[in-house]
$ cat work_34.csv   # CSV, C-alpha atoms and all ligand atoms
chain,number,residue,atom,x,y,z
A,909,MET,CA,78.9,118.5,112.1
A,910,SER,CA,78.9,121.5,109.9
A,911,TYR,CA,81.5,123.1,112.1
A,912,VAL,CA,84.1,124.9,110.1
A,913,GLY,CA,86.5,127.6,110.9
A,914,PRO,CA,89.6,128.1,113.1
A,915,ASP,CA,90.0,125.2,115.5
A,916,PHE,CA,91.7,127.1,118.2
A,917,GLU,CA,91.5,130.1,120.4
A,918,PRO,CA,93.3,133.1,118.9
A,919,PRO,CA,97.0,132.7,119.2
A,920,ARG,CA,98.5,134.0,122.3
A,921,PRO,CA,101.6,136.2,122.4
A,922,PRO,CA,104.5,134.9,124.3
A,923,ARG,CA,103.9,135.2,127.9
A,924,ARG,CA,107.1,133.9,129.3
A,925,ALA,CA,108.0,137.3,130.6
A,926,LEU,CA,105.0,137.2,132.9
A,927,ARG,CA,105.7,133.8,134.3
A,928,GLY,CA,108.5,134.1,136.8
A,929,PRO,CA,107.7,136.3,139.8
A,930,LEU,CA,104.1,136.5,138.8
A,931,THR,CA,103.7,132.7,139.1
A,932,VAL,CA,105.2,132.8,142.5
A,933,ALA,CA,102.9,135.5,143.6
A,934,VAL,CA,99.9,133.6,142.2
A,935,ALA,CA,100.9,130.4,143.9
A,936,ALA,CA,101.2,132.2,147.2
A,937,LEU,CA,97.8,133.7,146.9
A,938,VAL,CA,95.8,130.6,146.1
A,939,PRO,CA,95.8,128.4,149.1
A,940,GLY,CA,92.3,127.1,148.2
A,941,ALA,CA,93.2,126.0,144.8
A,942,LEU,CA,96.6,124.7,145.7
A,943,ALA,CA,95.4,122.7,148.7
A,944,GLY,CA,92.7,121.1,146.6
A,945,TRP,CA,95.3,120.4,144.0
A,946,LEU,CA,97.5,118.7,146.5
A,947,VAL,CA,94.6,116.5,147.6
A,948,TRP,CA,93.9,115.7,144.0
A,949,GLN,CA,97.5,114.7,143.5
A,950,SER,CA,97.5,112.5,146.6
A,951,VAL,CA,94.4,110.8,145.4
A,952,GLY,CA,96.3,110.2,142.2
A,953,ASN,CA,93.1,109.2,140.3
A,954,ASP,CA,93.7,110.7,136.9
A,955,ASP,CA,90.5,109.5,135.5
A,956,GLY,CA,88.1,109.4,138.3
A,957,ASP,CA,85.7,112.3,138.5
A,958,GLY,CA,84.0,110.6,141.3
A,959,SER,CA,86.6,109.6,143.8
A,960,ALA,CA,88.9,112.6,143.2
A,961,ALA,CA,85.9,114.9,143.6
A,962,GLN,CA,84.8,113.2,146.8
A,963,ALA,CA,88.3,113.3,148.3
A,964,SER,CA,88.9,116.9,147.5
A,965,THR,CA,85.4,117.9,148.5
A,966,SER,CA,86.3,116.9,152.1
A,967,ALA,CA,89.5,118.8,152.0
A,968,PRO,CA,90.1,122.0,154.0
A,969,ALA,CA,90.4,123.8,150.7
A,970,ASN,CA,86.7,124.3,150.8
A,971,ARG,CA,86.2,127.9,151.4
A,972,SER,CA,82.6,127.9,150.6
A,973,THR,CA,80.2,125.1,151.1
A,974,ALA,CA,77.4,127.3,149.9
A,975,PRO,CA,75.3,126.9,153.0
A,976,GLY,CA,71.7,127.1,152.2
A,977,ALA,CA,72.2,126.2,148.6
A,978,PRO,CA,69.3,124.0,147.7
A,979,ASP,CA,71.5,121.8,145.5
A,980,GLY,CA,74.8,122.4,147.4
A,981,GLY,CA,77.2,119.7,146.6
A,982,LYS,CA,74.6,117.3,145.2
A,983,ASP,CA,74.7,115.9,141.8
A,984,ASP,CA,72.4,113.1,140.8
A,985,GLY,CA,74.4,112.5,137.7
A,986,LYS,CA,71.4,112.7,135.4
A,987,GLU,CA,71.7,114.4,132.1
A,988,ARG,CA,70.0,117.7,132.0
A,989,PRO,CA,70.8,118.9,128.5
A,990,ASP,CA,69.0,122.2,128.9
A,991,GLY,CA,70.7,122.9,132.2
A,992,GLY,CA,67.4,122.3,133.9
A,993,THR,CA,66.3,125.8,133.3
A,994,GLY,CA,62.8,124.8,133.0
A,995,ARG,CA,62.4,127.6,130.5
A,996,SER,CA,60.5,127.3,127.4
A,997,GLY,CA,62.2,129.6,125.0
A,998,GLY,CA,62.1,133.4,124.8
A,999,GLY,CA,63.6,135.6,127.4
A,1000,GLY,CA,66.4,137.1,125.3
A,1001,SER,CA,69.8,137.3,127.0
A,1002,GLY,CA,68.5,137.8,130.4
A,1003,ASP,CA,67.5,141.4,130.4
A,1004,GLY,CA,64.0,141.9,131.4
A,1005,ARG,CA,63.3,138.3,131.9
A,1006,SER,CA,60.2,137.7,134.0
A,1007,GLY,CA,61.8,134.9,136.1
A,1008,GLY,CA,63.3,137.4,138.5
A,1009,ALA,CA,65.6,136.6,141.4
A,1010,GLU,CA,64.4,134.3,144.1
A,1011,PRO,CA,65.0,135.1,147.8
A,1012,GLY,CA,68.4,133.9,148.8
A,1013,PRO,CA,71.8,135.0,150.0
A,1014,LEU,CA,72.6,136.7,146.7
A,1015,LYS,CA,69.5,138.7,146.5
A,1016,GLY,CA,70.4,142.1,145.1
A,1017,LYS,CA,73.5,140.8,143.4
A,1018,VAL,CA,73.9,140.9,139.7
A,1019,VAL,CA,76.0,138.2,137.9
A,1020,VAL,CA,76.7,138.5,134.2
A,1021,VAL,CA,77.5,135.1,132.6
A,1022,ASP,CA,79.2,135.3,129.2
A,1023,PRO,CA,78.9,132.1,127.2
A,1024,GLY,CA,82.0,132.2,125.0
A,1025,HIS,CA,81.6,132.5,121.2
A,1026,ASN,CA,78.2,131.8,119.5
A,1027,PRO,CA,77.0,128.7,117.6
A,1028,GLY,CA,76.3,130.9,114.6
A,1029,ASN,CA,79.7,132.7,114.4
A,1030,PHE,CA,81.1,130.4,111.7
A,1031,ARG,CA,78.3,131.6,109.4
A,1032,HIS,CA,79.3,135.2,109.8
A,1033,PRO,CA,83.1,135.4,109.2
A,1034,SER,CA,83.0,139.0,108.0
A,1035,GLU,CA,81.2,140.2,111.0
A,1036,ILE,CA,83.2,138.3,113.6
A,1037,ASN,CA,86.6,139.1,111.9
A,1038,ARG,CA,86.0,142.8,112.0
A,1039,GLU,CA,88.5,144.3,114.4
A,1040,VAL,CA,87.4,146.1,117.5
A,1041,ASP,CA,89.4,148.3,119.9
A,1042,ILE,CA,90.3,146.6,123.1
A,1043,GLY,CA,92.3,149.4,124.6
A,1044,THR,CA,95.8,147.9,124.2
A,1045,ASN,CA,95.3,147.2,120.5
A,1046,SER,CA,92.6,146.0,118.1
A,1047,LYS,CA,91.4,142.4,117.9
A,1048,GLU,CA,88.8,140.3,116.1
A,1049,CYS,CA,85.2,141.0,117.2
A,1050,ASP,CA,84.8,137.4,118.2
A,1051,THR,CA,85.9,133.9,117.1
A,1052,THR,CA,84.2,130.6,116.3
A,1053,GLY,CA,85.8,128.8,119.3
A,1054,THR,CA,87.1,125.3,119.2
A,1055,ALA,CA,85.4,121.9,119.1
A,1056,THR,CA,86.0,118.3,120.1
A,1057,ASN,CA,87.4,116.0,117.5
A,1058,ALA,CA,83.9,114.5,117.2
A,1059,GLY,CA,82.4,117.9,116.5
A,1060,TYR,CA,80.9,119.0,119.8
A,1061,THR,CA,81.5,122.8,119.6
A,1062,GLU,CA,82.8,125.0,122.3
A,1063,ALA,CA,79.9,127.4,121.6
A,1064,ARG,CA,77.4,124.6,122.5
A,1065,PHE,CA,79.4,123.7,125.5
A,1066,THR,CA,79.6,127.2,126.9
A,1067,LEU,CA,75.9,127.7,126.5
A,1068,ASP,CA,75.1,124.5,128.3
A,1069,VAL,CA,77.4,125.2,131.2
A,1070,SER,CA,76.2,128.8,131.4
A,1071,ARG,CA,72.5,127.8,131.5
A,1072,ARG,CA,73.2,125.3,134.3
A,1073,LEU,CA,75.1,128.0,136.1
A,1074,ARG,CA,72.2,130.5,135.7
A,1075,THR,CA,69.9,128.0,137.3
A,1076,LEU,CA,72.2,127.5,140.3
A,1077,LEU,CA,72.8,131.2,140.8
A,1078,GLU,CA,69.2,132.1,140.6
A,1079,LYS,CA,68.4,129.6,143.3
A,1080,GLU,CA,70.8,131.6,145.4
A,1081,GLY,CA,68.8,134.7,144.7
A,1082,ALA,CA,71.1,136.4,142.2
A,1083,THR,CA,69.9,138.3,139.2
A,1084,VAL,CA,71.7,136.7,136.2
A,1085,LYS,CA,72.2,138.3,132.8
A,1086,PHE,CA,73.7,136.6,129.7
A,1087,THR,CA,75.7,138.3,127.0
A,1088,GLN,CA,74.1,135.9,124.5
A,1089,ASP,CA,71.8,133.0,124.9
A,1090,ASP,CA,71.9,131.6,121.3
A,1091,ASP,CA,69.3,134.3,120.6
A,1092,ARG,CA,71.3,136.2,118.0
A,1093,ALA,CA,73.0,135.2,114.8
A,1094,TRP,CA,76.5,135.9,115.9
A,1095,GLY,CA,78.6,137.6,118.5
A,1096,PRO,CA,78.4,139.8,120.4
A,1097,CYS,CA,81.9,141.3,119.9
A,1098,VAL,CA,84.3,141.1,122.8
A,1099,ASP,CA,84.0,144.8,123.5
A,1100,GLU,CA,80.2,144.5,123.7
A,1101,ARG,CA,80.5,141.5,125.9
A,1102,ALA,CA,82.5,143.6,128.3
A,1103,GLU,CA,80.1,146.5,128.0
A,1104,ILE,CA,77.1,144.3,129.0
A,1105,GLY,CA,78.8,143.5,132.3
A,1106,ASN,CA,79.7,147.1,132.8
A,1107,LYS,CA,76.3,148.5,132.1
A,1108,ALA,CA,74.7,145.9,134.4
A,1109,ALA,CA,77.0,147.1,137.1
A,1110,ALA,CA,77.7,143.4,137.7
A,1111,ASP,CA,79.0,142.3,141.0
A,1112,ALA,CA,80.8,139.5,139.2
A,1113,VAL,CA,81.2,138.4,135.6
A,1114,VAL,CA,82.4,135.0,134.4
A,1115,SER,CA,83.1,134.1,130.8
A,1116,VAL,CA,82.8,130.4,130.1
A,1117,HIS,CA,85.1,128.7,127.6
A,1118,ALA,CA,86.9,125.4,126.8
A,1119,ASP,CA,90.3,125.4,125.2
A,1120,GLY,CA,91.5,124.0,121.9
A,1121,SER,CA,95.1,123.0,122.7
A,1122,ALA,CA,97.2,120.0,121.7
A,1123,ALA,CA,96.3,116.5,122.8
A,1124,GLY,CA,98.0,115.7,126.1
A,1125,ASN,CA,97.4,119.2,127.4
A,1126,ARG,CA,94.8,118.8,130.0
A,1127,GLY,CA,92.9,120.4,132.8
A,1128,PHE,CA,91.2,123.7,133.6
A,1129,HIS,CA,92.5,127.2,134.2
A,1130,VAL,CA,91.0,130.5,135.2
A,1131,ILE,CA,92.2,133.6,133.4
A,1132,LEU,CA,92.6,136.8,135.4
A,1133,PRO,CA,92.9,140.3,134.0
A,1134,GLY,CA,96.4,141.7,134.1
A,1135,SER,CA,96.9,145.3,135.0
A,1136,VAL,CA,96.2,147.3,131.8
A,1137,HIS,CA,95.9,151.0,131.4
A,1138,SER,CA,95.8,151.9,127.7
A,1139,GLY,CA,93.2,153.6,125.6
A,1140,ALA,CA,89.7,152.6,126.7
A,1141,ALA,CA,91.2,149.8,128.9
A,1142,ASP,CA,91.9,150.4,132.6
A,1143,THR,CA,91.8,147.2,134.6
A,1144,ARG,CA,93.6,148.6,137.6
A,1145,PRO,CA,90.5,148.9,139.8
A,1146,ILE,CA,89.4,145.4,139.1
A,1147,VAL,CA,92.7,143.4,139.2
A,1148,ALA,CA,92.5,142.5,142.9
A,1149,SER,CA,88.8,141.8,143.0
A,1150,SER,CA,89.0,139.7,139.9
A,1151,ARG,CA,91.9,137.7,141.3
A,1152,ASP,CA,89.8,137.0,144.4
A,1153,LEU,CA,86.9,135.9,142.3
A,1154,GLY,CA,89.1,133.7,140.1
A,1155,GLU,CA,90.9,132.0,143.0
A,1156,ARG,CA,87.6,131.1,144.5
A,1157,ILE,CA,86.2,129.8,141.3
A,1158,ALA,CA,89.4,127.8,140.7
A,1159,GLY,CA,89.3,126.3,144.1
A,1160,ARG,CA,85.7,125.3,144.0
A,1161,PHE,CA,85.9,124.1,140.4
A,1162,LEU,CA,88.7,121.8,141.4
A,1163,SER,CA,86.9,120.5,144.4
A,1164,VAL,CA,83.6,119.9,142.8
A,1165,THR,CA,84.7,118.5,139.4
A,1166,GLY,CA,87.9,116.7,140.6
A,1167,SER,CA,89.4,117.8,137.3
A,1168,PRO,CA,93.1,118.8,137.6
A,1169,PRO,CA,94.4,122.3,137.0
A,1170,SER,CA,96.0,122.8,133.6
A,1171,ASN,CA,99.2,120.9,133.0
A,1172,TYR,CA,100.2,123.4,130.3
A,1173,ILE,CA,99.3,126.8,131.5
A,1174,GLY,CA,99.7,128.3,135.0
A,1175,ASP,CA,102.3,126.0,136.4
A,1176,GLY,CA,99.8,123.9,138.3
A,1177,THR,CA,98.0,126.8,139.9
A,1178,GLY,CA,95.0,126.7,137.6
A,1179,LEU,CA,95.4,130.4,137.2
A,1180,ASP,CA,96.7,132.5,134.4
A,1181,VAL,CA,97.0,136.3,133.9
A,1182,ARG,CA,96.4,137.9,130.5
A,1183,LYS,CA,96.5,141.4,129.1
A,1184,ASP,CA,95.4,140.5,125.6
A,1185,LEU,CA,91.7,139.7,126.0
A,1186,GLY,CA,89.3,142.4,125.2
A,1187,GLY,CA,86.6,140.9,127.4
A,1188,LEU,CA,88.9,141.5,130.4
A,1189,ASN,CA,90.7,144.6,129.3
A,1190,LEU,CA,87.5,146.6,128.8
A,1191,SER,CA,85.8,145.4,132.0
A,1192,THR,CA,85.1,147.8,134.8
A,1193,VAL,CA,83.7,145.1,137.1
A,1194,PRO,CA,85.3,142.0,138.6
A,1195,LYS,CA,85.6,139.5,135.8
A,1196,VAL,CA,87.4,136.2,134.9
A,1197,PHE,CA,87.4,133.6,132.2
A,1198,ILE,CA,87.4,129.9,132.8
A,1199,GLU,CA,88.7,127.4,130.3
A,1200,CYS,CA,87.0,124.3,131.7
A,1201,GLY,CA,89.2,121.8,129.9
A,1202,ASN,CA,90.9,121.1,126.5
A,1203,MET,CA,88.4,119.9,123.9
A,1204,ARG,CA,91.2,118.5,121.8
A,1205,ASP,CA,92.4,116.1,124.5
A,1206,SER,CA,90.5,112.8,124.6
A,1207,LYS,CA,90.4,112.5,128.4
A,1208,ASP,CA,89.3,116.1,128.8
A,1209,SER,CA,86.7,115.8,126.0
A,1210,ALA,CA,85.2,112.8,127.7
A,1211,ARG,CA,84.4,115.1,130.6
A,1212,LEU,CA,83.4,118.1,128.6
A,1213,THR,CA,80.8,116.0,126.6
A,1214,SER,CA,79.2,114.6,129.7
A,1215,GLY,CA,76.1,116.4,131.0
A,1216,ALA,CA,76.8,115.1,134.5
A,1217,TRP,CA,80.3,116.6,134.4
A,1218,ARG,CA,79.0,119.9,133.0
A,1219,GLN,CA,76.6,120.1,135.9
A,1220,LYS,CA,79.6,119.7,138.3
A,1221,ALA,CA,81.4,122.4,136.3
A,1222,ALA,CA,78.5,124.7,136.7
A,1223,GLN,CA,78.3,123.9,140.4
A,1224,GLY,CA,81.9,124.6,141.0
A,1225,ILE,CA,81.7,127.9,139.2
A,1226,SER,CA,78.6,128.8,141.1
A,1227,GLU,CA,80.1,128.0,144.4
A,1228,GLY,CA,83.1,130.2,143.6
A,1229,ILE,CA,80.9,133.1,142.7
A,1230,VAL,CA,78.7,132.6,145.8
A,1231,SER,CA,81.9,132.6,148.0
A,1232,PHE,CA,83.1,135.7,146.3
A,1233,LEU,CA,79.9,137.6,146.7
A,1234,ARG,CA,79.3,136.6,150.3
A,1235,GLY,CA,82.8,137.5,151.2
B,1301,ZN,ZN,86.7,130.1,123.9

$ encode --input "work_34.csv" --output "structure tokens"
Amino acid sequence: MSYVGPDFEPPRPPRRALRGPLTVAVAALVPGALAGWLVWQSVGNDDGDGSAAQASTSAPANRSTAPGAPDGGKDDGKERPDGGTGRSGGGGSGDGRSGGAEPGPLKGKVVVVDPGHNPGNFRHPSEINREVDIGTNSKECDTTGTATNAGYTEARFTLDVSRRLRTLLEKEGATVKFTQDDDRAWGPCVDERAEIGNKAAADAVVSVHADGSAAGNRGFHVILPGSVHSGAADTRPIVASSRDLGERIAGRFLSVTGSPPSNYIGDGTGLDVRKDLGGLNLSTVPKVFIECGNMRDSKDSARLTSGAWRQKAAQGISEGIVSFLRG
């Protein structure tokens, strides 16, 4: 309610130049996401999380059914506002938490989850507007993120999905670390967010977001790092692995949520490649962003504000990560 500040993600430079051949290449490399998308299209249920999700869940697009996952594919639809973490405060951002990894297929794997923005960012404009070096150029430390028209902030959304995701990944045995868990006043800056994944030697990093685009722009997309080699940024070693991670997350996200890939970015692939995000440019480990939907669109926001849908979103992201880490 007291939300103030920029409504939208930082403006993006024109990316038309990237679109042509790159889009073709992306399309050729995402059979999972595309197959699921075709199923979604054939179902033609623009509003039905349920039927579309069920239909696409049975599609051959499923690359990972997360065998052995205690909650695999199940969703009781109940609201679990805290993500069902069962935690009672404390614990910082995941470092040194006593919870520890459970036995499971991801035992020994480290996943860093980066909940985009911070609910307190809007109170600290001078701190978050400070520019940091992202290799290719300098950029704001962090941003406030967007919000639905009714005032549900992206920062709250990203924390909720991330906590649900942590619960799911820990059930698989992964060690999960957060870049922030609403346990600090603002930030961290995008360069520190990348550094947390790097220092953890993470096997996979996912940055959770929702977009703030025009009404009518709908659907999710996964952002992959472009090949950047400039200053402190060198993504060349992680471009291929991050693409693999992102394709798997996109495919599973589509199947589990039934939400369509973006109709305004990625030409229907649900994938986008960017070279202007510090969190990707400075990463030395496989990393992607996911924009789960458009908070400014009424149909998308109905999903984003549903706890049951957010559980599906977390499940889809988790299954993509599990698939990536199990190979
Ligand atoms: Zn964001």

$ closest_residue --input "work_34.csv" --among "A:His1117, A:Arg1144, A:Arg1204, A:His1129" --to "Val1069 in chain A" --atoms "all atoms listed in the file"
A:His1117

$ closest_atom_pairs --input "work_34.csv" --of "chain A" --to "ligand ZN 1301 (chain B)" --cutoff "12 Å" --atoms "only C-alpha atoms and all ligand atoms" --output "JSON lines"
{"residue": "A:Pro914", "atom": "CA", "partner": "B:ZN1301", "partner_atom": "ZN", "distance": 11.4}
{"residue": "A:Asp915", "atom": "CA", "partner": "B:ZN1301", "partner_atom": "ZN", "distance": 10.3}
{"residue": "A:Phe916", "atom": "CA", "partner": "B:ZN1301", "partner_atom": "ZN", "distance": 8.2}
{"residue": "A:Glu917", "atom": "CA", "partner": "B:ZN1301", "partner_atom": "ZN", "distance": 5.9}
{"residue": "A:Pro918", "atom": "CA", "partner": "B:ZN1301", "partner_atom": "ZN", "distance": 8.8}
{"residue": "A:Pro919", "atom": "CA", "partner": "B:ZN1301", "partner_atom": "ZN", "distance": 11.6}
{"residue": "A:Asp1022", "atom": "CA", "partner": "B:ZN1301", "partner_atom": "ZN", "distance": 10.6}
{"residue": "A:Pro1023", "atom": "CA", "partner": "B:ZN1301", "partner_atom": "ZN", "distance": 8.7}
{"residue": "A:Gly1024", "atom": "CA", "partner": "B:ZN1301", "partner_atom": "ZN", "distance": 5.3}
{"residue": "A:His1025", "atom": "CA", "partner": "B:ZN1301", "partner_atom": "ZN", "distance": 6.2}
{"residue": "A:Asn1026", "atom": "CA", "partner": "B:ZN1301", "partner_atom": "ZN", "distance": 9.7}
{"residue": "A:Pro1027", "atom": "CA", "partner": "B:ZN1301", "partner_atom": "ZN", "distance": 11.7}
{"residue": "A:Asp1050", "atom": "CA", "partner": "B:ZN1301", "partner_atom": "ZN", "distance": 9.5}
{"residue": "A:Thr1051", "atom": "CA", "partner": "B:ZN1301", "partner_atom": "ZN", "distance": 7.8}
{"residue": "A:Thr1052", "atom": "CA", "partner": "B:ZN1301", "partner_atom": "ZN", "distance": 8.0}
{"residue": "A:Gly1053", "atom": "CA", "partner": "B:ZN1301", "partner_atom": "ZN", "distance": 4.9}
{"residue": "A:Thr1054", "atom": "CA", "partner": "B:ZN1301", "partner_atom": "ZN", "distance": 6.7}
{"residue": "A:Ala1055", "atom": "CA", "partner": "B:ZN1301", "partner_atom": "ZN", "distance": 9.6}
{"residue": "A:Thr1061", "atom": "CA", "partner": "B:ZN1301", "partner_atom": "ZN", "distance": 9.9}
{"residue": "A:Glu1062", "atom": "CA", "partner": "B:ZN1301", "partner_atom": "ZN", "distance": 6.6}
{"residue": "A:Ala1063", "atom": "CA", "partner": "B:ZN1301", "partner_atom": "ZN", "distance": 7.7}
{"residue": "A:Arg1064", "atom": "CA", "partner": "B:ZN1301", "partner_atom": "ZN", "distance": 10.9}
{"residue": "A:Phe1065", "atom": "CA", "partner": "B:ZN1301", "partner_atom": "ZN", "distance": 9.8}
{"residue": "A:Thr1066", "atom": "CA", "partner": "B:ZN1301", "partner_atom": "ZN", "distance": 8.2}
{"residue": "A:Leu1067", "atom": "CA", "partner": "B:ZN1301", "partner_atom": "ZN", "distance": 11.4}
{"residue": "A:Val1098", "atom": "CA", "partner": "B:ZN1301", "partner_atom": "ZN", "distance": 11.3}
{"residue": "A:Ser1115", "atom": "CA", "partner": "B:ZN1301", "partner_atom": "ZN", "distance": 8.8}
{"residue": "A:Val1116", "atom": "CA", "partner": "B:ZN1301", "partner_atom": "ZN", "distance": 7.3}
{"residue": "A:His1117", "atom": "CA", "partner": "B:ZN1301", "partner_atom": "ZN", "distance": 4.3}
{"residue": "A:Ala1118", "atom": "CA", "partner": "B:ZN1301", "partner_atom": "ZN", "distance": 5.5}
{"residue": "A:Asp1119", "atom": "CA", "partner": "B:ZN1301", "partner_atom": "ZN", "distance": 6.1}
{"residue": "A:Gly1120", "atom": "CA", "partner": "B:ZN1301", "partner_atom": "ZN", "distance": 8.0}
{"residue": "A:Ser1121", "atom": "CA", "partner": "B:ZN1301", "partner_atom": "ZN", "distance": 11.1}
{"residue": "A:Ile1131", "atom": "CA", "partner": "B:ZN1301", "partner_atom": "ZN", "distance": 11.5}
{"residue": "A:Leu1185", "atom": "CA", "partner": "B:ZN1301", "partner_atom": "ZN", "distance": 11.0}
{"residue": "A:Gly1187", "atom": "CA", "partner": "B:ZN1301", "partner_atom": "ZN", "distance": 11.4}
{"residue": "A:Phe1197", "atom": "CA", "partner": "B:ZN1301", "partner_atom": "ZN", "distance": 9.0}
{"residue": "A:Ile1198", "atom": "CA", "partner": "B:ZN1301", "partner_atom": "ZN", "distance": 8.9}
{"residue": "A:Glu1199", "atom": "CA", "partner": "B:ZN1301", "partner_atom": "ZN", "distance": 7.2}
{"residue": "A:Cys1200", "atom": "CA", "partner": "B:ZN1301", "partner_atom": "ZN", "distance": 9.7}
{"residue": "A:Gly1201", "atom": "CA", "partner": "B:ZN1301", "partner_atom": "ZN", "distance": 10.5}
{"residue": "A:Asn1202", "atom": "CA", "partner": "B:ZN1301", "partner_atom": "ZN", "distance": 10.3}
{"residue": "A:Met1203", "atom": "CA", "partner": "B:ZN1301", "partner_atom": "ZN", "distance": 10.3}

$ residues_around --input "work_34.csv" --residues "Ile1157 in chain A" --least-positions-apart "3" --cutoff "12 Å" --atoms "only C-alpha atoms" --output "PyMOL selection string"
chain A and resi 938+940-941+969-972+1112-1116+1128-1132+1150-1154+1160-1165+1169+1178-1179+1195-1200+1221-1233

$ atom_distance --input "work_34.csv" --atom1 "CA of Glu1100 in chain A" --atom2 "CA of Arg1072 in chain A"
23.0 Å

$ closest_residue --input "work_34.csv" --among "A:Gly1186, A:Pro1194, A:Pro1033, A:Gly1176" --to "Trp1094 in chain A" --atoms "all atoms listed in the file"
A:Pro1033

$ atom_distance --input "work_34.csv" --atom1 "CA of Ala1110 in chain A" --atom2 "CA of Val1020 in chain A"
6.1 Å

$ atom_distance --input "work_34.csv" --atom1 "CA of Ala1216 in chain A" --atom2 "CA of Arg1074 in chain A"
16.1 Å

$ axis_aligned_box --input "work_34.csv" --around "range 1148-1161 of chain A" --padding-each-side "8 Å" --output "lines of an AutoDock Vina configuration file"
center_x = 89.1
center_y = 133.3
center_z = 142.2
size_x = 22.8
size_y = 34.4
size_z = 20.6

$ residues_around --input "work_34.csv" --residues "Glu1048 in chain A" --least-positions-apart "2" --cutoff "8 Å" --atoms "all atoms listed in the file" --output "list in words"
Ile1036, Asn1037, Arg1038, Glu1039, Val1040, Ser1046, Asp1050, Thr1051 and Cys1097 of chain A

$ write_last_selection --input "work_34.csv" --atoms "C-alpha atoms" --output "tab-separated table (two decimals), in the coordinates of the input"
chain	number	residue	atom	x	y	z
A	1036	ILE	CA	83.20	138.30	113.60
A	1037	ASN	CA	86.60	139.10	111.90
A	1038	ARG	CA	86.00	142.80	112.00
A	1039	GLU	CA	88.50	144.30	114.40
A	1040	VAL	CA	87.40	146.10	117.50
A	1046	SER	CA	92.60	146.00	118.10
A	1050	ASP	CA	84.80	137.40	118.20
A	1051	THR	CA	85.90	133.90	117.10
A	1097	CYS	CA	81.90	141.30	119.90

$ residues_around --input "work_34.csv" --residues "Asp1041 in chain A" --least-positions-apart "6" --cutoff "9 Å" --atoms "only C-alpha atoms" --output "ChimeraX atom specification"
/A:1047-1049,1099,1139-1140,1186

$ closest_residue --input "work_34.csv" --among "A:Leu1073, A:Val1021, A:Val1181, A:Ala1210" --to "Phe1086 in chain A" --atoms "only C-alpha atoms"
A:Val1021

$ closest_residue --input "work_34.csv" --among "A:Glu1035, A:Asp1208, A:Asp1090, A:Asp1142" --to "Ala1122 in chain A" --atoms "only C-alpha atoms"
A:Asp1208

$ closest_residue --input "work_34.csv" --among "A:Thr1192, A:Asn1029, A:Ser1034, A:Thr1213" --to "Asp1111 in chain A" --atoms "all atoms listed in the file"
A:Thr1192
